[in-house]
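start38.pdb follows (PDB, C-alpha atoms and all ligand atoms):
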```pdb
ATOM      1  CA  MET A 280      12.217  -2.315 -97.050
ATOM      2  CA  ALA A 281      14.995  -4.916 -97.203
ATOM      3  CA  LEU A 282      15.945  -7.616 -99.671
ATOM      4  CA  PRO A 283      14.036 -10.772 -98.701
ATOM      5  CA  ASP A 284      15.922 -13.453-100.630
ATOM      6  CA  ILE A 285      19.741 -13.432-100.579
ATOM      7  CA  ARG A 286      21.689 -16.667-101.124
ATOM      8  CA  PRO A 287      25.265 -17.728-101.914
ATOM      9  CA  LEU A 288      26.068 -17.900-105.618
ATOM     10  CA  LYS A 289      27.254 -21.471-105.271
ATOM     11  CA  GLN A 290      28.238 -23.624-102.299
ATOM     12  CA  GLY A 291      31.949 -23.342-101.597
ATOM     13  CA  LEU A 292      32.623 -20.252-103.722
ATOM     14  CA  PRO A 293      34.185 -17.327-101.822
ATOM     15  CA  PHE A 294      32.495 -14.706-104.011
ATOM     16  CA  GLY A 295      29.114 -13.853-105.507
ATOM     17  CA  ILE A 296      25.519 -13.939-104.270
ATOM     18  CA  ARG A 297      22.038 -14.484-105.690
ATOM     19  CA  ILE A 298      19.141 -12.134-105.034
ATOM     20  CA  GLY A 299      15.687 -13.480-105.832
ATOM     21  CA  GLY A 300      12.436 -11.752-106.747
ATOM     22  CA  LEU A 301      13.543  -8.123-106.771
ATOM     23  CA  THR A 302      10.664  -5.904-107.922
ATOM     24  CA  LEU A 303      11.018  -2.643-109.832
ATOM     25  CA  GLU A 304       9.576  -0.809-106.827
ATOM     26  CA  GLN A 305      12.232  -2.348-104.563
ATOM     27  CA  ALA A 306      14.957  -1.631-107.112
ATOM     28  CA  ASN A 307      14.032   2.053-106.963
ATOM     29  CA  ASP A 308      13.848   2.177-103.154
ATOM     30  CA  PRO A 309      16.841   4.129-101.764
ATOM     31  CA  ALA A 310      17.437   1.743 -98.829
ATOM     32  CA  VAL A 311      17.327  -1.319-101.080
ATOM     33  CA  ARG A 312      19.640   0.354-103.600
ATOM     34  CA  GLN A 313      22.122   1.039-100.833
ATOM     35  CA  GLU A 314      21.915  -2.594 -99.718
ATOM     36  CA  ILE A 315      22.510  -3.817-103.293
ATOM     37  CA  ALA A 316      25.549  -1.525-103.641
ATOM     38  CA  SER A 317      26.992  -2.755-100.352
ATOM     39  CA  LEU A 318      26.443  -6.452-101.227
ATOM     40  CA  PHE A 319      27.975  -5.869-104.646
ATOM     41  CA  ASP A 320      31.098  -4.311-103.160
ATOM     42  CA  GLN A 321      31.444  -7.131-100.668
ATOM     43  CA  HIS A 322      30.783 -10.116-102.956
ATOM     44  CA  GLY A 323      32.012  -9.007-106.395
ATOM     45  CA  MET A 324      29.007 -10.137-108.400
ATOM     46  CA  ILE A 325      25.257 -10.576-108.036
ATOM     47  CA  VAL A 326      22.900 -12.805-110.021
ATOM     48  CA  PHE A 327      19.392 -11.353-109.852
ATOM     49  CA  GLU A 328      16.861 -14.141-110.379
ATOM     50  CA  GLY A 329      13.131 -14.105-111.070
ATOM     51  CA  VAL A 330      12.983 -10.438-111.961
ATOM     52  CA  GLU A 331      11.021  -8.467-114.541
ATOM     53  CA  PRO A 332      13.053  -8.733-117.770
ATOM     54  CA  SER A 333      12.875  -5.081-118.836
ATOM     55  CA  ASP A 334      15.324  -2.322-119.685
ATOM     56  CA  GLU A 335      13.719  -0.245-116.909
ATOM     57  CA  MET A 336      14.788  -2.931-114.445
ATOM     58  CA  GLN A 337      18.272  -3.044-115.978
ATOM     59  CA  LEU A 338      18.656   0.711-115.496
ATOM     60  CA  ALA A 339      17.329   0.546-111.928
ATOM     61  CA  ILE A 340      19.783  -2.236-110.967
ATOM     62  CA  SER A 341      22.672  -0.580-112.812
ATOM     63  CA  THR A 342      22.257   2.862-111.290
ATOM     64  CA  ALA A 343      22.103   1.380-107.773
ATOM     65  CA  ILE A 344      25.852   0.876-108.187
ATOM     66  CA  GLY A 345      26.647   4.165-109.927
ATOM     67  CA  PRO A 346      25.969   6.371-112.953
ATOM     68  CA  LEU A 347      26.023   4.823-116.430
ATOM     69  CA  LYS A 348      28.998   5.202-118.712
ATOM     70  CA  GLU A 349      28.069   6.269-122.216
ATOM     71  CA  HIS A 350      29.889   5.049-125.295
ATOM     72  CA  PRO A 351      30.589   7.666-127.971
ATOM     73  CA  VAL A 352      31.025   5.224-130.847
ATOM     74  CA  LYS A 353      28.166   5.737-133.259
ATOM     75  CA  SER A 354      28.345   2.237-134.673
ATOM     76  CA  LEU A 355      27.299   0.706-131.372
ATOM     77  CA  SER A 356      23.717  -0.396-131.361
ATOM     78  CA  ARG A 357      21.606   1.348-128.724
ATOM     79  CA  VAL A 358      18.356  -0.143-127.537
ATOM     80  CA  ASP A 359      16.708   3.278-127.551
ATOM     81  CA  GLN A 360      18.857   6.377-127.163
ATOM     82  CA  ASP A 361      15.933   8.553-126.079
ATOM     83  CA  THR A 362      14.260   6.379-123.484
ATOM     84  CA  MET A 363      17.047   3.961-122.520
ATOM     85  CA  PRO A 364      20.340   5.845-122.876
ATOM     86  CA  GLY A 365      23.285   3.637-122.061
ATOM     87  CA  VAL A 366      21.595   0.305-122.762
ATOM     88  CA  ILE A 367      23.685  -1.356-125.480
ATOM     89  CA  LYS A 368      22.528  -4.206-127.672
ATOM     90  CA  ILE A 369      25.132  -6.884-128.383
ATOM     91  CA  ALA A 370      24.109  -9.382-131.011
ATOM     92  CA  VAL A 371      25.765 -12.276-132.774
ATOM     93  CA  THR A 372      24.080 -14.059-135.680
ATOM     94  CA  PRO A 373      25.115 -16.899-137.981
ATOM     95  CA  GLU A 374      26.219 -14.243-140.496
ATOM     96  CA  TYR A 375      27.880 -11.865-138.013
ATOM     97  CA  GLY A 376      30.555 -12.677-135.444
ATOM     98  CA  GLY A 377      34.022 -14.157-135.175
ATOM     99  CA  ILE A 378      34.308 -17.953-135.127
ATOM    100  CA  VAL A 379      37.047 -20.069-133.593
ATOM    101  CA  GLU A 380      37.548 -23.785-133.204
ATOM    102  CA  LEU A 381      38.251 -24.903-129.617
ATOM    103  CA  ASN A 382      38.579 -28.515-128.519
ATOM    104  CA  GLY A 383      37.627 -29.519-132.046
ATOM    105  CA  LYS A 384      34.346 -27.579-131.955
ATOM    106  CA  GLN A 385      33.497 -24.374-133.814
ATOM    107  CA  VAL A 386      31.994 -21.593-131.686
ATOM    108  CA  SER A 387      30.879 -18.053-132.414
ATOM    109  CA  HIS A 388      31.625 -15.061-130.126
ATOM    110  CA  TRP A 389      34.124 -16.818-127.850
ATOM    111  CA  LEU A 390      35.877 -14.422-125.486
ATOM    112  CA  PRO A 391      38.878 -15.443-123.381
ATOM    113  CA  TRP A 392      39.255 -14.388-119.721
ATOM    114  CA  HIS A 393      39.517 -10.602-119.547
ATOM    115  CA  PHE A 394      38.406  -7.470-117.735
ATOM    116  CA  ASP A 395      36.667  -4.710-119.648
ATOM    117  CA  HIS A 396      38.331  -1.477-120.838
ATOM    118  CA  CYS A 397      41.856  -2.751-120.100
ATOM    119  CA  TYR A 398      42.916  -0.719-123.174
ATOM    120  CA  ASN A 399      41.775   2.470-121.436
ATOM    121  CA  ASN A 400      43.286   4.432-118.554
ATOM    122  CA  GLU A 401      40.018   4.351-116.614
ATOM    123  CA  LEU A 402      38.335   1.089-115.661
ATOM    124  CA  ASN A 403      34.565   1.023-115.502
ATOM    125  CA  ARG A 404      33.221   0.020-112.076
ATOM    126  CA  ALA A 405      30.843  -2.664-113.280
ATOM    127  CA  GLY A 406      29.017  -4.285-116.149
ATOM    128  CA  VAL A 407      25.418  -5.464-116.173
ATOM    129  CA  LEU A 408      24.069  -8.085-118.574
ATOM    130  CA  ARG A 409      20.672  -9.485-119.509
ATOM    131  CA  ALA A 410      19.999 -12.185-122.082
ATOM    132  CA  ILE A 411      17.425 -11.403-124.761
ATOM    133  CA  ASP A 412      17.942 -14.197-127.330
ATOM    134  CA  ILE A 413      19.341 -17.246-125.557
ATOM    135  CA  VAL A 414      21.177 -19.977-127.438
ATOM    136  CA  GLU A 415      20.661 -23.690-126.820
ATOM    137  CA  ASP A 416      24.297 -24.662-127.312
ATOM    138  CA  GLY A 417      26.903 -22.570-125.435
ATOM    139  CA  GLY A 418      26.656 -18.843-124.755
ATOM    140  CA  ILE A 419      27.764 -19.384-121.143
ATOM    141  CA  THR A 420      29.341 -16.439-119.328
ATOM    142  CA  GLY A 421      32.069 -17.293-116.810
ATOM    143  CA  PHE A 422      33.229 -15.094-113.930
ATOM    144  CA  ALA A 423      36.506 -15.590-112.031
ATOM    145  CA  ASP A 424      37.324 -13.784-108.803
ATOM    146  CA  GLY A 425      40.656 -11.964-108.756
ATOM    147  CA  ILE A 426      40.875 -12.212-104.958
ATOM    148  CA  ALA A 427      40.454 -16.003-105.097
ATOM    149  CA  LEU A 428      42.909 -16.156-108.004
ATOM    150  CA  TYR A 429      45.502 -14.238-105.992
ATOM    151  CA  LYS A 430      45.147 -16.692-103.107
ATOM    152  CA  ALA A 431      45.297 -19.735-105.423
ATOM    153  CA  PHE A 432      48.234 -18.545-107.517
ATOM    154  CA  PRO A 433      51.605 -20.321-107.132
ATOM    155  CA  LYS A 434      53.618 -18.220-104.678
ATOM    156  CA  ASP A 435      56.803 -18.218-106.753
ATOM    157  CA  LEU A 436      54.943 -16.974-109.828
ATOM    158  CA  LEU A 437      53.109 -14.384-107.745
ATOM    159  CA  ALA A 438      56.451 -13.096-106.444
ATOM    160  CA  ARG A 439      57.608 -12.564-110.022
ATOM    161  CA  ILE A 440      54.444 -10.816-111.331
ATOM    162  CA  GLU A 441      53.368  -8.765-108.271
ATOM    163  CA  GLY A 442      54.612  -5.203-108.645
ATOM    164  CA  LYS A 443      54.725  -5.483-112.451
ATOM    165  CA  GLU A 444      52.510  -3.447-114.774
ATOM    166  CA  ILE A 445      50.828  -4.810-117.899
ATOM    167  CA  LEU A 446      50.518  -3.017-121.246
ATOM    168  CA  TYR A 447      47.234  -3.252-123.149
ATOM    169  CA  SER A 448      45.956  -2.132-126.544
ATOM    170  CA  LEU A 449      42.564  -2.173-128.236
ATOM    171  CA  ALA A 450      43.373  -5.336-130.186
ATOM    172  CA  THR A 451      40.223  -7.433-130.171
ATOM    173  CA  GLN A 452      40.910  -9.780-133.082
ATOM    174  CA  TYR A 453      41.745 -13.377-132.173
ATOM    175  CA  SER A 454      44.737 -13.152-134.521
ATOM    176  CA  GLN A 455      46.130 -10.299-132.370
ATOM    177  CA  MET A 456      46.206 -12.418-129.204
ATOM    178  CA  LYS A 457      49.789 -12.591-127.975
ATOM    179  CA  PHE A 458      49.309 -14.296-124.615
ATOM    180  CA  GLY A 459      47.079 -16.970-123.091
ATOM    181  CA  LYS A 460      45.936 -18.554-126.351
ATOM    182  CA  PRO A 461      44.470 -22.037-125.941
ATOM    183  CA  ALA A 462      46.883 -24.484-127.565
ATOM    184  CA  ASP A 463      44.238 -25.904-129.881
ATOM    185  CA  MET A 464      42.592 -22.600-130.975
ATOM    186  CA  LYS A 465      42.024 -22.203-134.710
ATOM    187  CA  ILE A 466      40.573 -19.044-136.249
ATOM    188  CA  ILE A 467      37.743 -19.908-138.613
ATOM    189  CA  ARG A 468      36.288 -16.427-139.274
ATOM    190  CA  PRO A 469      37.742 -13.077-138.025
ATOM    191  CA  LYS A 470      35.571 -10.773-135.948
ATOM    192  CA  PRO A 471      33.734  -8.128-137.961
ATOM    193  CA  MET A 472      35.536  -4.773-137.780
ATOM    194  CA  ASN A 473      34.668  -1.502-139.403
ATOM    195  CA  GLU A 474      37.099   1.097-140.697
ATOM    196  CA  GLU A 475      36.189   3.651-138.029
ATOM    197  CA  PHE A 476      37.016   1.155-135.277
ATOM    198  CA  ASN A 477      40.339   0.217-136.858
ATOM    199  CA  LYS A 478      41.356   3.879-137.221
ATOM    200  CA  GLN A 479      40.480   4.677-133.636
ATOM    201  CA  ALA A 480      42.227   1.583-132.310
ATOM    202  CA  ALA A 481      45.408   2.426-134.224
ATOM    203  CA  ALA A 482      45.400   5.997-132.860
ATOM    204  CA  MET A 483      45.078   5.000-129.194
ATOM    205  CA  PRO A 484      48.097   5.009-126.918
ATOM    206  CA  ARG A 485      48.711   1.820-124.976
ATOM    207  CA  ALA A 486      47.216   1.579-121.490
ATOM    208  CA  ILE A 487      49.026   0.392-118.368
ATOM    209  CA  HIS A 488      47.472  -1.386-115.375
ATOM    210  CA  PRO A 489      49.031  -3.161-112.381
ATOM    211  CA  ALA A 490      49.026  -6.971-112.419
ATOM    212  CA  VAL A 491      48.054  -6.987-108.743
ATOM    213  CA  TRP A 492      46.325  -4.250-106.797
ATOM    214  CA  THR A 493      45.028  -3.840-103.240
ATOM    215  CA  ARG A 494      41.416  -2.990-102.399
ATOM    216  CA  ASP A 495      40.507  -0.580 -99.602
ATOM    217  CA  SER A 496      39.592  -3.707 -97.634
ATOM    218  CA  GLY A 497      43.249  -4.814 -97.820
ATOM    219  CA  GLU A 498      42.395  -7.733-100.114
ATOM    220  CA  LYS A 499      44.785  -8.243-103.018
ATOM    221  CA  VAL A 500      43.403  -8.774-106.515
ATOM    222  CA  LEU A 501      45.191 -10.570-109.338
ATOM    223  CA  HIS A 502      43.947  -8.580-112.323
ATOM    224  CA  VAL A 503      45.575  -9.572-115.592
ATOM    225  CA  SER A 504      43.721  -9.816-118.898
ATOM    226  CA  ALA A 505      45.733 -11.916-121.308
ATOM    227  CA  TYR A 506      43.284 -10.825-124.003
ATOM    228  CA  MET A 507      44.539  -7.519-125.458
ATOM    229  CA  SER A 508      47.749  -7.579-123.390
ATOM    230  CA  GLU A 509      50.909  -6.450-125.172
ATOM    231  CA  GLY A 510      53.545  -7.320-122.582
ATOM    232  CA  ILE A 511      55.037  -6.266-119.263
ATOM    233  CA  LEU A 512      56.087  -2.617-118.897
ATOM    234  CA  ASP A 513      59.868  -2.237-119.205
ATOM    235  CA  ALA A 514      60.172  -5.969-119.889
ATOM    236  CA  GLU A 515      58.973  -6.416-123.468
ATOM    237  CA  ASP A 516      61.629  -9.000-124.102
ATOM    238  CA  GLU A 517      61.925 -12.757-124.194
ATOM    239  CA  ALA A 518      62.022 -13.164-120.405
ATOM    240  CA  GLY A 519      59.160 -10.699-119.800
ATOM    241  CA  ASN A 520      57.001 -12.268-122.495
ATOM    242  CA  ALA A 521      57.674 -15.750-121.094
ATOM    243  CA  LEU A 522      56.592 -14.538-117.644
ATOM    244  CA  LEU A 523      53.359 -13.006-118.959
ATOM    245  CA  GLU A 524      52.585 -16.162-120.932
ATOM    246  CA  GLU A 525      53.143 -18.276-117.799
ATOM    247  CA  VAL A 526      50.809 -15.973-115.833
ATOM    248  CA  ALA A 527      48.182 -16.095-118.605
ATOM    249  CA  GLN A 528      48.236 -19.874-118.893
ATOM    250  CA  THR A 529      48.145 -20.218-115.090
ATOM    251  CA  ILE A 530      45.055 -17.975-115.014
ATOM    252  CA  ASN A 531      43.457 -20.168-117.698
ATOM    253  CA  ARG A 532      44.176 -23.243-115.574
ATOM    254  CA  LEU A 533      43.266 -21.819-112.148
ATOM    255  CA  ALA A 534      40.284 -19.767-113.262
ATOM    256  CA  ASP A 535      38.162 -22.890-113.349
ATOM    257  CA  GLN A 536      38.765 -23.402-109.596
ATOM    258  CA  CYS A 537      37.895 -19.785-108.831
ATOM    259  CA  SER A 538      34.975 -19.254-111.166
ATOM    260  CA  TYR A 539      31.252 -19.506-111.743
ATOM    261  CA  HIS A 540      29.779 -20.249-115.184
ATOM    262  CA  HIS A 541      26.298 -19.004-115.952
ATOM    263  CA  ARG A 542      23.765 -20.451-118.384
ATOM    264  CA  TRP A 543      21.281 -17.659-119.022
ATOM    265  CA  LYS A 544      17.517 -17.435-118.381
ATOM    266  CA  PRO A 545      15.386 -14.503-119.582
ATOM    267  CA  THR A 546      14.416 -13.313-116.083
ATOM    268  CA  GLU A 547      17.950 -12.730-114.840
ATOM    269  CA  PHE A 548      20.494  -9.938-114.619
ATOM    270  CA  ILE A 549      24.129 -10.258-113.632
ATOM    271  CA  ILE A 550      26.239  -7.418-112.347
ATOM    272  CA  TRP A 551      29.989  -7.871-111.802
ATOM    273  CA  ASP A 552      32.824  -5.804-110.363
ATOM    274  CA  ASN A 553      35.186  -4.994-113.240
ATOM    275  CA  TRP A 554      37.961  -3.998-110.826
ATOM    276  CA  ARG A 555      37.948  -7.465-109.266
ATOM    277  CA  MET A 556      36.489 -10.113-111.591
ATOM    278  CA  LEU A 557      37.642 -11.569-114.894
ATOM    279  CA  HIS A 558      34.999 -12.845-117.271
ATOM    280  CA  THR A 559      34.807 -15.076-120.320
ATOM    281  CA  VAL A 560      32.223 -16.212-122.876
ATOM    282  CA  SER A 561      32.204 -19.851-123.941
ATOM    283  CA  GLY A 562      31.043 -19.067-127.463
ATOM    284  CA  ASN A 563      27.976 -20.636-128.993
ATOM    285  CA  ASN A 564      26.937 -22.792-131.897
ATOM    286  CA  PRO A 565      27.544 -20.539-134.944
ATOM    287  CA  SER A 566      24.155 -21.493-136.389
ATOM    288  CA  GLU A 567      22.358 -19.775-133.491
ATOM    289  CA  SER A 568      21.705 -16.076-132.749
ATOM    290  CA  ARG A 569      22.482 -14.547-129.357
ATOM    291  CA  THR A 570      21.462 -11.105-128.115
ATOM    292  CA  MET A 571      22.398  -9.455-124.828
ATOM    293  CA  HIS A 572      21.539  -6.069-123.363
ATOM    294  CA  ARG A 573      24.462  -4.491-121.604
ATOM    295  CA  THR A 574      24.980  -1.461-119.383
ATOM    296  CA  THR A 575      28.286  -0.144-118.080
ATOM    297  CA  ILE A 576      28.761   1.645-114.771
ATOM    298  CA  LYS A 577      31.151   4.589-114.489
ATOM    299  CA  GLY A 578      34.037   4.702-112.101
ATOM    300  CA  ASP A 579      37.756   4.344-111.811
ATOM    301  CA  TYR A 580      40.145   2.635-109.456
ATOM    302  CA  GLY A 581      42.778   5.259-110.197
ATOM    303  CA  LEU A 582      45.661   2.899-110.989
ATOM    304  CA  GLY A 583      45.608   2.897-114.791
ATOM    305  CA  ARG A 584      47.312   5.312-117.148
ATOM    306  CA  PHE A 585      48.339   5.721-120.771
ATOM    307  CA  GLU A 586      51.868   5.023-121.950
ATOM    308  CA  ASN A 587      54.155   8.078-122.293
ATOM    309  CA  ASP A 588      51.430  10.336-120.868
ATOM    310  CA  GLY A 589      49.486   9.579-124.042
ATOM    311  CA  ILE A 590      46.578  11.717-124.961
ATOM    312  CA  GLY A 591      43.124  10.214-125.136
ATOM    313  CA  GLY A 592      41.198   8.639-122.342
ATOM    314  CA  LYS A 593      37.925   8.246-124.116
ATOM    315  CA  ILE A 594      36.330   4.868-124.331
ATOM    316  CA  LEU A 595      36.436   4.290-128.040
ATOM    317  CA  SER A 596      34.479   1.112-128.284
ATOM    318  CA  GLU A 597      32.749  -1.531-126.248
ATOM    319  CA  THR A 598      32.979  -4.703-128.206
ATOM    320  CA  MET A 599      33.325  -7.211-125.419
ATOM    321  CA  VAL A 600      30.915  -8.979-123.153
TER     322      VAL A 600
HETATM  323 FE    FE A 701      33.840  -8.169-121.437
END
```
Let's see the structure in the file written out as structure tokens.
Ligand SMILES: [Fe+2]
Amino acid sequence: MALPDIRPLKQGLPFGIRIGGLTLEQANDPAVRQEIASLFDQHGMIVFEGVEPSDEMQLAISTAIGPLKEHPVKSLSRVDQDTMPGVIKIAVTPEYGGIVELNGKQVSHWLPWHFDHCYNNELNRAGVLRAIDIVEDGGITGFADGIALYKAFPKDLLARIEGKEILYSLATQYSQMKFGKPADMKIIRPKPMNEEFNKQAAAMPRAIHPAVWTRDSGEKVLHVSAYMSEGILDAEDEAGNALLEEVAQTINRLADQCSYHHRWKPTEFIIWDNWRMLHTVSGNNPSESRTMHRTTIKGDYGLGRFENDGIGGKILSETMV
């Protein structure tokens, strides 16, 4: 059995593919699963189209890449812990969710370019998303390829950031953003946070990840999340902060040349390589509700660590899509 329908994600993009019509039987076939894993590693992200929109399918696609990563935070909403362990429900409603104004328009659940778990020493291999409640206005997920970003980056700026390491903390509030803020961003309503989350976040040591790393293939990946970044290791000063801000704003500018932006349909899944891709969420009209089902795939690229040999290492929360 082999995958019958494989297409480029978009003409001219150097990353990503689409796979059409995958059945649950195919998704559980060992040869097909191996083919999916190989295509994923090669292309960085896959949009599965025209598939059965079930959690069973989500688990089958997810585990083709690797085992699921569980989240120990009790406050996270599970779809069904007994039958669907690891499938997380992420919901934003008119009453619940941070709101910002961008370009003069208010949006709920905006997320700037980032990679997941930057605040942790280990980086999950992949994330998988499915849309349950789809908004009419916004709610678009963008994916930018770190390999394409590396190639597109100004060479003088690359020379200054390559070899540097970036500090991250679990600081998810818009008001905590230090780098890469859009010039016109206004905070309208803070993100909801509970006391348990705040305590855990405050107790975590800072994490450190390289700004650029090299895949086994030899390809270099620019991998900086401005969101939740604290500064450059050993350069938390005016010059270091100016460099990180220049990198962050250059990513914001170049990401649009190196990215794909997805408007969701109910019969789709997207899986992306968290060691390679950055992602963003456009935000949606605050009057609408949006629900996604999310799974996270275990793994580690082995290049992250905690500051000062900090204790910890657990994933404390998964609040980002
Ligand atoms: Fe995310």
Please evaluate the PyMOL selection byres (((chain A and resi 495-503) around 7) and not hetatm) against the structure above and give the resulting residues as JSON, numbers by chain.
-> {"A": [425, 426, 428, 429, 490, 491, 492, 493, 494, 504, 505, 555]}
Hey, which of A:Phe422, A:Phe476, A:Phe394, A:Tyr375 ends up closest to Ile325 of chain A? Count all atoms listed in the file.
-> A:Phe422
Protein and nucleic acid residues near (50.0, -8.8, -118.9) (cut-off 12 Å, all atoms listed in the file) as number ranges by chain = A: 393-394, 397-398, 440-448, 456-459, 486-491, 501-515, 519-528, 530
Determine the nearest neighbour of Ile344 of chain A from the options A:Gly562, A:Gly418, A:Pro332, A:Gly323, counting all atoms listed in the file.
->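 Counting all atoms listed in the file, the residue closest to Ile344 of chain A is A:Gly323.
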Measure the distance from atom CA of Gly578 of chain A to atom CA of Ile315 of chain A in Å and round it to one decimal.
->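 Distance between the two atoms: 16.8 Å.
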Counting only C-alpha atoms and all ligand atoms, figure out which residue out of A:Thr546, A:Thr342, A:Asn400, A:Thr559 gets nearest to ligand FE 701 (chain A).
-> A:Thr559
If we count all atoms listed in the file, what is near Pro471 of chain A at a cut-off of 9 Å, once residues fewer than 4 positions away on the same chain are taken out, given as an NGL selection string?
-> :A and (375-377 or 452)
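Across the model, the gap from atom CA of Ala450 of chain A to atom CA of Gly581 of chain A is 22.6 Å.
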List every protein, DNA or RNA residue that has an atom no more than 7 Å from (33.7, -11.4, -100.0) in the file's coordinate frame, counting only C-alpha atoms, and report them as a list in words.
->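 Residues with an atom at most 7 Å from (33.7, -11.4, -100.0): Pro293, Phe294, Gln321 and His322 of chain A.
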Extract, using only C-alpha atoms, all DNA, RNA and protein residues at most 9 Å from Ile411 of chain A, discarding same-chain residues fewer than 3 positions from it, and format them as a list of chain:residue names.
->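 Returned residues: A:Pro332, A:Lys544, A:Pro545, A:Arg569, A:Thr570, A:Met571, A:His572.
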Proximity to ligand FE 701 (chain A) - best of A:Asn531, A:Ser387, A:Thr451, A:Asn587, only C-alpha atoms and all ligand atoms =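 Between A:Asn531, A:Ser387, A:Thr451, A:Asn587, the residue approaching ligand FE 701 (chain A) most closely is A:Thr451.
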Near Gln313 of chain A, counting all atoms listed in the file, which residues have an atom at most 10 Å away, once you skip same-chain residues fewer than 4 positions from it, shown as an MDAnalysis selection string?
-> chainID A and resid 281 306 308:309 317:319 343:344
Repaired coordinates for segment 291-305 of chain A (N, CA and C atoms) as a PDB file, in the coordinates of the input:
```
ATOM      1  N   GLY A 291      30.495 -23.203-101.560  1.00  0.00           N
ATOM      2  CA  GLY A 291      31.949 -23.342-101.597  1.00  0.00           C
ATOM      3  C   GLY A 291      32.682 -22.226-102.309  1.00  0.00           C
ATOM      4  N   LEU A 292      31.958 -21.363-103.030  1.00  0.00           N
ATOM      5  CA  LEU A 292      32.623 -20.252-103.722  1.00  0.00           C
ATOM      6  C   LEU A 292      32.798 -19.074-102.756  1.00  0.00           C
ATOM      7  N   PRO A 293      33.968 -18.430-102.754  1.00  0.00           N
ATOM      8  CA  PRO A 293      34.185 -17.327-101.822  1.00  0.00           C
ATOM      9  C   PRO A 293      33.697 -15.978-102.346  1.00  0.00           C
ATOM     10  N   PHE A 294      32.971 -15.978-103.438  1.00  0.00           N
ATOM     11  CA  PHE A 294      32.495 -14.706-104.011  1.00  0.00           C
ATOM     12  C   PHE A 294      31.093 -14.924-104.568  1.00  0.00           C
ATOM     13  N   GLY A 295      30.388 -13.808-104.803  1.00  0.00           N
ATOM     14  CA  GLY A 295      29.114 -13.853-105.507  1.00  0.00           C
ATOM     15  C   GLY A 295      27.921 -14.228-104.634  1.00  0.00           C
ATOM     16  N   ILE A 296      26.785 -13.595-104.921  1.00  0.00           N
ATOM     17  CA  ILE A 296      25.519 -13.939-104.270  1.00  0.00           C
ATOM     18  C   ILE A 296      24.400 -13.949-105.305  1.00  0.00           C
ATOM     19  N   ARG A 297      23.266 -14.535-104.898  1.00  0.00           N
ATOM     20  CA  ARG A 297      22.038 -14.484-105.690  1.00  0.00           C
ATOM     21  C   ARG A 297      20.996 -13.688-104.910  1.00  0.00           C
ATOM     22  N   ILE A 298      20.261 -12.861-105.627  1.00  0.00           N
ATOM     23  CA  ILE A 298      19.141 -12.134-105.034  1.00  0.00           C
ATOM     24  C   ILE A 298      17.903 -12.517-105.834  1.00  0.00           C
ATOM     25  N   GLY A 299      16.891 -13.012-105.137  1.00  0.00           N
ATOM     26  CA  GLY A 299      15.687 -13.480-105.832  1.00  0.00           C
ATOM     27  C   GLY A 299      14.532 -12.502-105.711  1.00  0.00           C
ATOM     28  N   GLY A 300      13.736 -12.411-106.782  1.00  0.00           N
ATOM     29  CA  GLY A 300      12.436 -11.752-106.747  1.00  0.00           C
ATOM     30  C   GLY A 300      12.435 -10.247-106.548  1.00  0.00           C
ATOM     31  N   LEU A 301      13.508  -9.585-106.913  1.00  0.00           N
ATOM     32  CA  LEU A 301      13.543  -8.123-106.771  1.00  0.00           C
ATOM     33  C   LEU A 301      12.474  -7.490-107.674  1.00  0.00           C
ATOM     34  N   THR A 302      11.655  -6.609-107.109  1.00  0.00           N
ATOM     35  CA  THR A 302      10.664  -5.904-107.922  1.00  0.00           C
ATOM     36  C   THR A 302      11.225  -4.545-108.347  1.00  0.00           C
ATOM     37  N   LEU A 303      10.566  -3.954-109.358  1.00  0.00           N
ATOM     38  CA  LEU A 303      11.018  -2.643-109.832  1.00  0.00           C
ATOM     39  C   LEU A 303      10.870  -1.600-108.720  1.00  0.00           C
ATOM     40  N   GLU A 304       9.797  -1.737-107.943  1.00  0.00           N
ATOM     41  CA  GLU A 304       9.576  -0.809-106.827  1.00  0.00           C
ATOM     42  C   GLU A 304      10.726  -0.923-105.814  1.00  0.00           C
ATOM     43  N   GLN A 305      11.105  -2.158-105.494  1.00  0.00           N
ATOM     44  CA  GLN A 305      12.232  -2.348-104.563  1.00  0.00           C
ATOM     45  C   GLN A 305      13.528  -1.789-105.154  1.00  0.00           C
TER      46      GLN A 305
END
```
